[in-house]
Amino acid sequence: MTSLELRKFVAPELLFGVGARHLAGRYARNFGTKKVLLVTDPGVRKTGLVDGICDDLQVAGIEYEIYSSVRPNPRVENVMQGAEIFSQEGCTALIAVGGGSVIDCAKGIGIVSSENRPITEFEGVDRITLPPPPLICIPTTSGSSADVSQFAIISDPARKVKIAIISKALVPDVALIDPETLLTLPPDLTAYTGLDVLTHAIEAYVSNASSPLTDLHALEAIRLISRYLAPAVRSPGDLQLRAETMLASLHAGLAFSNASLGAVHAMAHSLGGFLDLPHGQCNALLLDRVTEYNYASAPGRYDDIGEAMGLLVDTMAAGERCTAICREIRRFRTSLGVTETLGSLGVTAGAVCELADHAMKDACMATNPRNPTRQEIERLYESAL
Ligand SMILES: [Fe+2]
């Protein structure tokens, strides 16, 4: 695009740094709430992070109720249960403490609480009409960036699909981004969520809806995650390394929330909805395949991505660049121990037709730099089996 085209950029109020999470009570009070629903999941609860935040809420004089039954790939029923508790308990604001699943579920609870209709009715872009209650996010992974994005992805098991809800109303009111929350994130989740960051940044950079502002964030995210993810996986207790991956996630989130995503996410959402597979892992296993497919539609953009990953793309012949960039993406993934294939995760050739069907309908496909046919998406899935 040229800088003359009209583009919008939205972001929540952000606090980044060690101790940011302890401001949740103060922010809840600033929003004028007396009682909050704290949304989390069993894994995060075990880390003790939630207890610390509850202490802060008590000090601030804020009552709270906890909803901690959110599962990975959060479901319609999680959202509806949470919304019921929210209204029964007289809550007026939400605090989400967790990864993308928890934050997306909290966003869904907010929508249902104000609109009083099933969450499935809000699939697509700009379907929310009433402002949801205030939402404070404390991310505990450096990956989803749901704490800054205008996206919520909810699984609908009845239809075996993930629905994407996209609206400015879903941008949280404040994101308290605290690298200390990552110290308990296990190595495999650090790798998967970090590869999600790389995918967000790459897809935002080649998106049809990118802008000079999202480009800045996307390239910085690619530089940071390429440099710091592997060391952070090796040294999980190093707070400085954790902070770099958290910053990479923030940059990628600001980029993709405003530029949207592409075929990798459309295909990963389909896998997550149909087979309940982990999001970051799905992206990681598709990224090199889609890059190879997309390259000719945005060669200059992919060359910039290669440079940001540390390749000397400028010194390569034009015909060698795509192969080198795809090889680097694969090398990066395998260096993190992500060596599976979709087939080894249980995806069969028989499922490809239906997977492609759902991927073609996903909202993220609209901004992919190349407009694929259904058959091409099927072939991409097959190549990753
Ligand atoms: Fe993602």
# chains A, B, ... in the order shown; residues from 1 in each chain; ligands from 1
>>> residues_near_ligand(ligand="ligand 1", cutoff="7 Å", atoms="only C-alpha atoms and all ligand atoms", output="list in words")
Ser144, Asp196, Val197, Thr199, His200, His265, His279 and Gly280 of chain A
>>> write_last_selection(atoms="C-alpha atoms", output="PDB file, in the first residue's frame")
ATOM      1  CA  SER A 144      -1.584 -14.440  21.632  1.00  0.00           C
ATOM      2  CA  ASP A 196       2.535 -17.661  17.051  1.00  0.00           C
ATOM      3  CA  VAL A 197       4.205 -14.244  17.519  1.00  0.00           C
ATOM      4  CA  THR A 199       3.290 -15.850  12.470  1.00  0.00           C
ATOM      5  CA  HIS A 200       1.324 -12.776  13.612  1.00  0.00           C
ATOM      6  CA  HIS A 265      -4.261 -18.279  10.729  1.00  0.00           C
ATOM      7  CA  HIS A 279      -3.112 -22.825  18.032  1.00  0.00           C
ATOM      8  CA  GLY A 280       0.590 -21.983  18.137  1.00  0.00           C
TER       9      GLY A 280
END
>>> closest_atom_pairs(of="stretch 198-222 of chain A", to="stretch 313-329 of chain A", cutoff="12 Å", atoms="only C-alpha atoms", output="CSV")
residue,atom,partner,partner_atom,distance
A:Leu198,CA,A:Ile329,CA,9.4
A:Thr199,CA,A:Ile329,CA,10.1
A:Ile202,CA,A:Ile329,CA,10.8
A:Ile222,CA,A:Ile329,CA,11.3
>>> write_last_selection(atoms="N, CA and C atoms", output="compact mmCIF listing (two decimals), in the first residue's frame")
# COMPACT_ATOMS: atom_id res chain seq x y z
N LEU A 198 5.74 -14.95 15.76
CA LEU A 198 6.38 -14.83 14.45
C LEU A 198 5.32 -14.86 13.33
N THR A 199 4.34 -15.74 13.48
CA THR A 199 3.29 -15.85 12.47
C THR A 199 2.44 -14.57 12.42
N ILE A 202 4.59 -11.88 10.63
CA ILE A 202 4.76 -12.13 9.19
C ILE A 202 3.44 -11.90 8.46
N ILE A 222 9.46 -9.33 14.45
CA ILE A 222 10.22 -10.41 13.79
C ILE A 222 11.68 -10.39 14.27
>>> closest_atom_pairs(of="stretch 115-158 of chain A", to="stretch 346-368 of chain A", cutoff="10 Å", atoms="only C-alpha atoms", output="Markdown table")
| residue | atom | partner | partner_atom | distance |
| --- | --- | --- | --- | --- |
| A:Glu123 | CA | A:Ala363 | CA | 9.4 |
| A:Gly124 | CA | A:Ala363 | CA | 6.9 |
| A:Val125 | CA | A:Ala363 | CA | 8.1 |
>>> write_last_selection(atoms="all heavy atoms", output="short mmCIF file (atom, residue, chain, number, x, y, z; two decimals), in the first residue's frame")
data_model
loop_
_atom_site.label_atom_id
_atom_site.label_comp_id
_atom_site.auth_asym_id
_atom_site.auth_seq_id
_atom_site.Cartn_x
_atom_site.Cartn_y
_atom_site.Cartn_z
N GLU A 123 -20.33 -13.54 15.40
CA GLU A 123 -19.26 -13.94 14.47
C GLU A 123 -19.12 -12.92 13.35
O GLU A 123 -20.11 -12.44 12.80
CB GLU A 123 -19.59 -15.32 13.88
CG GLU A 123 -18.53 -15.80 12.90
CD GLU A 123 -18.75 -17.25 12.46
OE1 GLU A 123 -19.82 -17.82 12.74
OE2 GLU A 123 -17.83 -17.77 11.82
N GLY A 124 -17.86 -12.60 13.02
CA GLY A 124 -17.61 -11.68 11.90
C GLY A 124 -17.13 -10.32 12.37
O GLY A 124 -16.71 -10.16 13.51
N VAL A 125 -17.21 -9.34 11.49
CA VAL A 125 -16.64 -8.02 11.75
C VAL A 125 -17.73 -7.04 12.17
O VAL A 125 -18.79 -6.96 11.53
CB VAL A 125 -15.92 -7.49 10.48
CG1 VAL A 125 -15.28 -6.12 10.73
CG2 VAL A 125 -14.85 -8.49 10.02
#
>>> atom_distance(atom1="atom CA of A:Pro118", atom2="atom CA of A:Val264")
28.0 Å
>>> residues_around(residues="A:Pro369", least_positions_apart="3", cutoff="8 Å", atoms="only C-alpha atoms", output="list in words")
Val206, Ser207, Asn208, Gly262, Asn294, Ser297 and Ala298 of chain A
>>> write_last_selection(atoms="N, CA, C and O atoms", output="compact mmCIF listing (two decimals), in the first residue's frame")
# COMPACT_ATOMS: atom_id res chain seq x y z
N VAL A 206 2.68 -8.91 5.50
CA VAL A 206 2.31 -9.17 4.10
C VAL A 206 0.80 -8.98 3.85
O VAL A 206 0.33 -9.16 2.73
N SER A 207 0.06 -8.60 4.90
CA SER A 207 -1.40 -8.45 4.77
C SER A 207 -1.77 -7.34 3.77
O SER A 207 -1.08 -6.32 3.66
N ASN A 208 -2.90 -7.53 3.11
CA ASN A 208 -3.45 -6.48 2.22
C ASN A 208 -3.85 -5.23 2.99
O ASN A 208 -4.07 -4.19 2.39
N GLY A 262 -3.68 -13.79 7.86
CA GLY A 262 -3.72 -14.37 6.52
C GLY A 262 -4.03 -15.84 6.54
O GLY A 262 -4.64 -16.36 7.49
N ASN A 294 2.74 -18.03 -0.86
CA ASN A 294 2.46 -16.59 -0.99
C ASN A 294 3.59 -15.80 -1.63
O ASN A 294 3.36 -14.70 -2.12
N SER A 297 3.51 -13.39 -4.58
CA SER A 297 2.54 -12.29 -4.54
C SER A 297 3.07 -11.09 -3.75
O SER A 297 2.49 -10.00 -3.82
N ALA A 298 4.13 -11.28 -2.98
CA ALA A 298 4.68 -10.17 -2.19
C ALA A 298 6.18 -10.39 -1.94
O ALA A 298 6.62 -10.43 -0.80
>>> select_by_dssp(residues="stretch 135-319 of chain A", states="helix (DSSP H, G or I)", output="ChimeraX atom specification")
/A:168-170,179-184,187-206,212-234,239-259,263-275,279-297,299-308,313-315,318-319
>>> atom_distance(atom1="atom CA of A:Asp303", atom2="atom CA of A:Asp147")
29.5 Å
>>> residues_around(residues="stretch 213-220 of chain A", least_positions_apart="6", cutoff="12 Å", atoms="only C-alpha atoms", output="ChimeraX atom specification")
/A:1-3,6-11,197-207,226-227,244-245,247-261,301-310
>>> select_by_dssp(residues="stretch 41-76 of chain A", states="strand (DSSP E)", output="list of chain:residue names")
A:Glu63, A:Tyr64, A:Glu65, A:Ile66, A:Tyr67
>>> residues_around(residues="A:Arg45", least_positions_apart="5", cutoff="10 Å", atoms="only C-alpha atoms", output="PyMOL selection string")
chain A and resi 40+50-51+68+97-98
>>> write_last_selection(atoms="N, CA, C and O atoms", output="PDB file, in the first residue's frame")
ATOM      1  N   THR A  40      -9.765 -16.911  34.508  1.00  0.00           N
ATOM      2  CA  THR A  40      -8.457 -17.547  34.396  1.00  0.00           C
ATOM      3  C   THR A  40      -8.645 -19.034  34.054  1.00  0.00           C
ATOM      4  O   THR A  40      -9.757 -19.447  33.720  1.00  0.00           O
ATOM      5  N   VAL A  50      -2.656 -15.787  40.317  1.00  0.00           N
ATOM      6  CA  VAL A  50      -4.010 -15.290  40.595  1.00  0.00           C
ATOM      7  C   VAL A  50      -4.128 -14.872  42.067  1.00  0.00           C
ATOM      8  O   VAL A  50      -4.724 -13.838  42.386  1.00  0.00           O
ATOM      9  N   ASP A  51      -3.511 -15.656  42.965  1.00  0.00           N
ATOM     10  CA  ASP A  51      -3.578 -15.312  44.398  1.00  0.00           C
ATOM     11  C   ASP A  51      -3.006 -13.921  44.651  1.00  0.00           C
ATOM     12  O   ASP A  51      -3.579 -13.130  45.410  1.00  0.00           O
ATOM     13  N   SER A  68     -12.632 -20.001  36.713  1.00  0.00           N
ATOM     14  CA  SER A  68     -11.340 -20.565  36.287  1.00  0.00           C
ATOM     15  C   SER A  68     -11.499 -21.838  35.448  1.00  0.00           C
ATOM     16  O   SER A  68     -10.567 -22.614  35.325  1.00  0.00           O
ATOM     17  N   VAL A  97      -6.674 -13.087  33.515  1.00  0.00           N
ATOM     18  CA  VAL A  97      -5.285 -13.434  33.842  1.00  0.00           C
ATOM     19  C   VAL A  97      -4.982 -14.753  33.144  1.00  0.00           C
ATOM     20  O   VAL A  97      -5.433 -15.823  33.582  1.00  0.00           O
ATOM     21  N   GLY A  98      -4.256 -14.687  32.022  1.00  0.00           N
ATOM     22  CA  GLY A  98      -3.962 -15.925  31.303  1.00  0.00           C
ATOM     23  C   GLY A  98      -3.471 -15.668  29.888  1.00  0.00           C
ATOM     24  O   GLY A  98      -3.132 -14.540  29.526  1.00  0.00           O
TER      25      GLY A  98
END
>>> closest_residue(among="A:Pro139, A:Gly32, A:Gly100, A:Gly110", to="A:Phe16", atoms="only C-alpha atoms")
A:Pro139
>>> closest_residue(among="A:Gly273, A:Pro172, A:Gly19, A:Gly61", to="A:Leu49", atoms="only C-alpha atoms")
A:Gly19
>>> decode(residues="stretch 190-218 of chain A", atoms="N, CA and C atoms", output="PDB file, in the first residue's frame")
ATOM      1  N   THR A 190       6.326 -21.917  25.627  1.00  0.00           N
ATOM      2  CA  THR A 190       7.110 -20.740  25.241  1.00  0.00           C
ATOM      3  C   THR A 190       7.410 -20.811  23.752  1.00  0.00           C
ATOM      4  N   ALA A 191       7.786 -21.996  23.269  1.00  0.00           N
ATOM      5  CA  ALA A 191       8.106 -22.156  21.843  1.00  0.00           C
ATOM      6  C   ALA A 191       6.859 -21.972  20.975  1.00  0.00           C
ATOM      7  N   TYR A 192       5.776 -22.632  21.318  1.00  0.00           N
ATOM      8  CA  TYR A 192       4.554 -22.536  20.497  1.00  0.00           C
ATOM      9  C   TYR A 192       4.024 -21.105  20.445  1.00  0.00           C
ATOM     10  N   THR A 193       3.953 -20.464  21.614  1.00  0.00           N
ATOM     11  CA  THR A 193       3.394 -19.113  21.632  1.00  0.00           C
ATOM     12  C   THR A 193       4.349 -18.139  20.931  1.00  0.00           C
ATOM     13  N   GLY A 194       5.657 -18.400  21.040  1.00  0.00           N
ATOM     14  CA  GLY A 194       6.623 -17.550  20.335  1.00  0.00           C
ATOM     15  C   GLY A 194       6.506 -17.707  18.826  1.00  0.00           C
ATOM     16  N   LEU A 195       6.241 -18.925  18.366  1.00  0.00           N
ATOM     17  CA  LEU A 195       6.046 -19.134  16.923  1.00  0.00           C
ATOM     18  C   LEU A 195       4.732 -18.498  16.461  1.00  0.00           C
ATOM     19  N   ASP A 196       3.769 -18.401  17.361  1.00  0.00           N
ATOM     20  CA  ASP A 196       2.535 -17.661  17.051  1.00  0.00           C
ATOM     21  C   ASP A 196       2.874 -16.179  16.834  1.00  0.00           C
ATOM     22  N   VAL A 197       3.768 -15.641  17.680  1.00  0.00           N
ATOM     23  CA  VAL A 197       4.205 -14.244  17.519  1.00  0.00           C
ATOM     24  C   VAL A 197       4.827 -14.041  16.133  1.00  0.00           C
ATOM     25  N   LEU A 198       5.735 -14.946  15.762  1.00  0.00           N
ATOM     26  CA  LEU A 198       6.377 -14.827  14.449  1.00  0.00           C
ATOM     27  C   LEU A 198       5.325 -14.857  13.334  1.00  0.00           C
ATOM     28  N   THR A 199       4.341 -15.737  13.481  1.00  0.00           N
ATOM     29  CA  THR A 199       3.290 -15.850  12.470  1.00  0.00           C
ATOM     30  C   THR A 199       2.438 -14.575  12.422  1.00  0.00           C
ATOM     31  N   HIS A 200       2.089 -14.039  13.583  1.00  0.00           N
ATOM     32  CA  HIS A 200       1.324 -12.776  13.612  1.00  0.00           C
ATOM     33  C   HIS A 200       2.073 -11.683  12.855  1.00  0.00           C
ATOM     34  N   ALA A 201       3.367 -11.576  13.160  1.00  0.00           N
ATOM     35  CA  ALA A 201       4.147 -10.474  12.578  1.00  0.00           C
ATOM     36  C   ALA A 201       4.299 -10.653  11.069  1.00  0.00           C
ATOM     37  N   ILE A 202       4.590 -11.882  10.631  1.00  0.00           N
ATOM     38  CA  ILE A 202       4.760 -12.127   9.192  1.00  0.00           C
ATOM     39  C   ILE A 202       3.436 -11.900   8.459  1.00  0.00           C
ATOM     40  N   GLU A 203       2.360 -12.438   8.993  1.00  0.00           N
ATOM     41  CA  GLU A 203       1.066 -12.287   8.298  1.00  0.00           C
ATOM     42  C   GLU A 203       0.613 -10.822   8.268  1.00  0.00           C
ATOM     43  N   ALA A 204       0.888 -10.086   9.354  1.00  0.00           N
ATOM     44  CA  ALA A 204       0.515  -8.665   9.369  1.00  0.00           C
ATOM     45  C   ALA A 204       1.348  -7.891   8.347  1.00  0.00           C
ATOM     46  N   TYR A 205       2.625  -8.251   8.212  1.00  0.00           N
ATOM     47  CA  TYR A 205       3.515  -7.509   7.314  1.00  0.00           C
ATOM     48  C   TYR A 205       3.158  -7.728   5.841  1.00  0.00           C
ATOM     49  N   VAL A 206       2.677  -8.914   5.504  1.00  0.00           N
ATOM     50  CA  VAL A 206       2.306  -9.172   4.099  1.00  0.00           C
ATOM     51  C   VAL A 206       0.804  -8.979   3.854  1.00  0.00           C
ATOM     52  N   SER A 207       0.062  -8.596   4.897  1.00  0.00           N
ATOM     53  CA  SER A 207      -1.400  -8.445   4.766  1.00  0.00           C
ATOM     54  C   SER A 207      -1.768  -7.341   3.772  1.00  0.00           C
ATOM     55  N   ASN A 208      -2.903  -7.529   3.113  1.00  0.00           N
ATOM     56  CA  ASN A 208      -3.449  -6.485   2.224  1.00  0.00           C
ATOM     57  C   ASN A 208      -3.849  -5.233   2.986  1.00  0.00           C
ATOM     58  N   ALA A 209      -4.007  -5.341   4.297  1.00  0.00           N
ATOM     59  CA  ALA A 209      -4.477  -4.207   5.097  1.00  0.00           C
ATOM     60  C   ALA A 209      -3.346  -3.619   5.948  1.00  0.00           C
ATOM     61  N   SER A 210      -2.091  -3.902   5.571  1.00  0.00           N
ATOM     62  CA  SER A 210      -0.970  -3.363   6.352  1.00  0.00           C
ATOM     63  C   SER A 210      -0.866  -1.850   6.136  1.00  0.00           C
ATOM     64  N   SER A 211      -0.124  -1.197   7.015  1.00  0.00           N
ATOM     65  CA  SER A 211       0.088   0.248   6.890  1.00  0.00           C
ATOM     66  C   SER A 211       1.502   0.547   7.362  1.00  0.00           C
ATOM     67  N   PRO A 212       2.017   1.749   7.079  1.00  0.00           N
ATOM     68  CA  PRO A 212       3.379   2.066   7.557  1.00  0.00           C
ATOM     69  C   PRO A 212       3.508   1.886   9.069  1.00  0.00           C
ATOM     70  N   LEU A 213       2.435   2.154   9.793  1.00  0.00           N
ATOM     71  CA  LEU A 213       2.491   2.034  11.252  1.00  0.00           C
ATOM     72  C   LEU A 213       2.534   0.565  11.688  1.00  0.00           C
ATOM     73  N   THR A 214       1.718  -0.294  11.057  1.00  0.00           N
ATOM     74  CA  THR A 214       1.747  -1.712  11.440  1.00  0.00           C
ATOM     75  C   THR A 214       3.061  -2.349  10.981  1.00  0.00           C
ATOM     76  N   ASP A 215       3.611  -1.854   9.843  1.00  0.00           N
ATOM     77  CA  ASP A 215       4.890  -2.400   9.346  1.00  0.00           C
ATOM     78  C   ASP A 215       6.007  -2.259  10.377  1.00  0.00           C
ATOM     79  N   LEU A 216       6.075  -1.084  11.003  1.00  0.00           N
ATOM     80  CA  LEU A 216       7.113  -0.830  12.021  1.00  0.00           C
ATOM     81  C   LEU A 216       7.049  -1.878  13.127  1.00  0.00           C
ATOM     82  N   HIS A 217       5.828  -2.091  13.611  1.00  0.00           N
ATOM     83  CA  HIS A 217       5.645  -3.047  14.704  1.00  0.00           C
ATOM     84  C   HIS A 217       5.923  -4.477  14.245  1.00  0.00           C
ATOM     85  N   ALA A 218       5.490  -4.812  13.040  1.00  0.00           N
ATOM     86  CA  ALA A 218       5.658  -6.183  12.549  1.00  0.00           C
ATOM     87  C   ALA A 218       7.147  -6.517  12.409  1.00  0.00           C
TER      88      ALA A 218
END
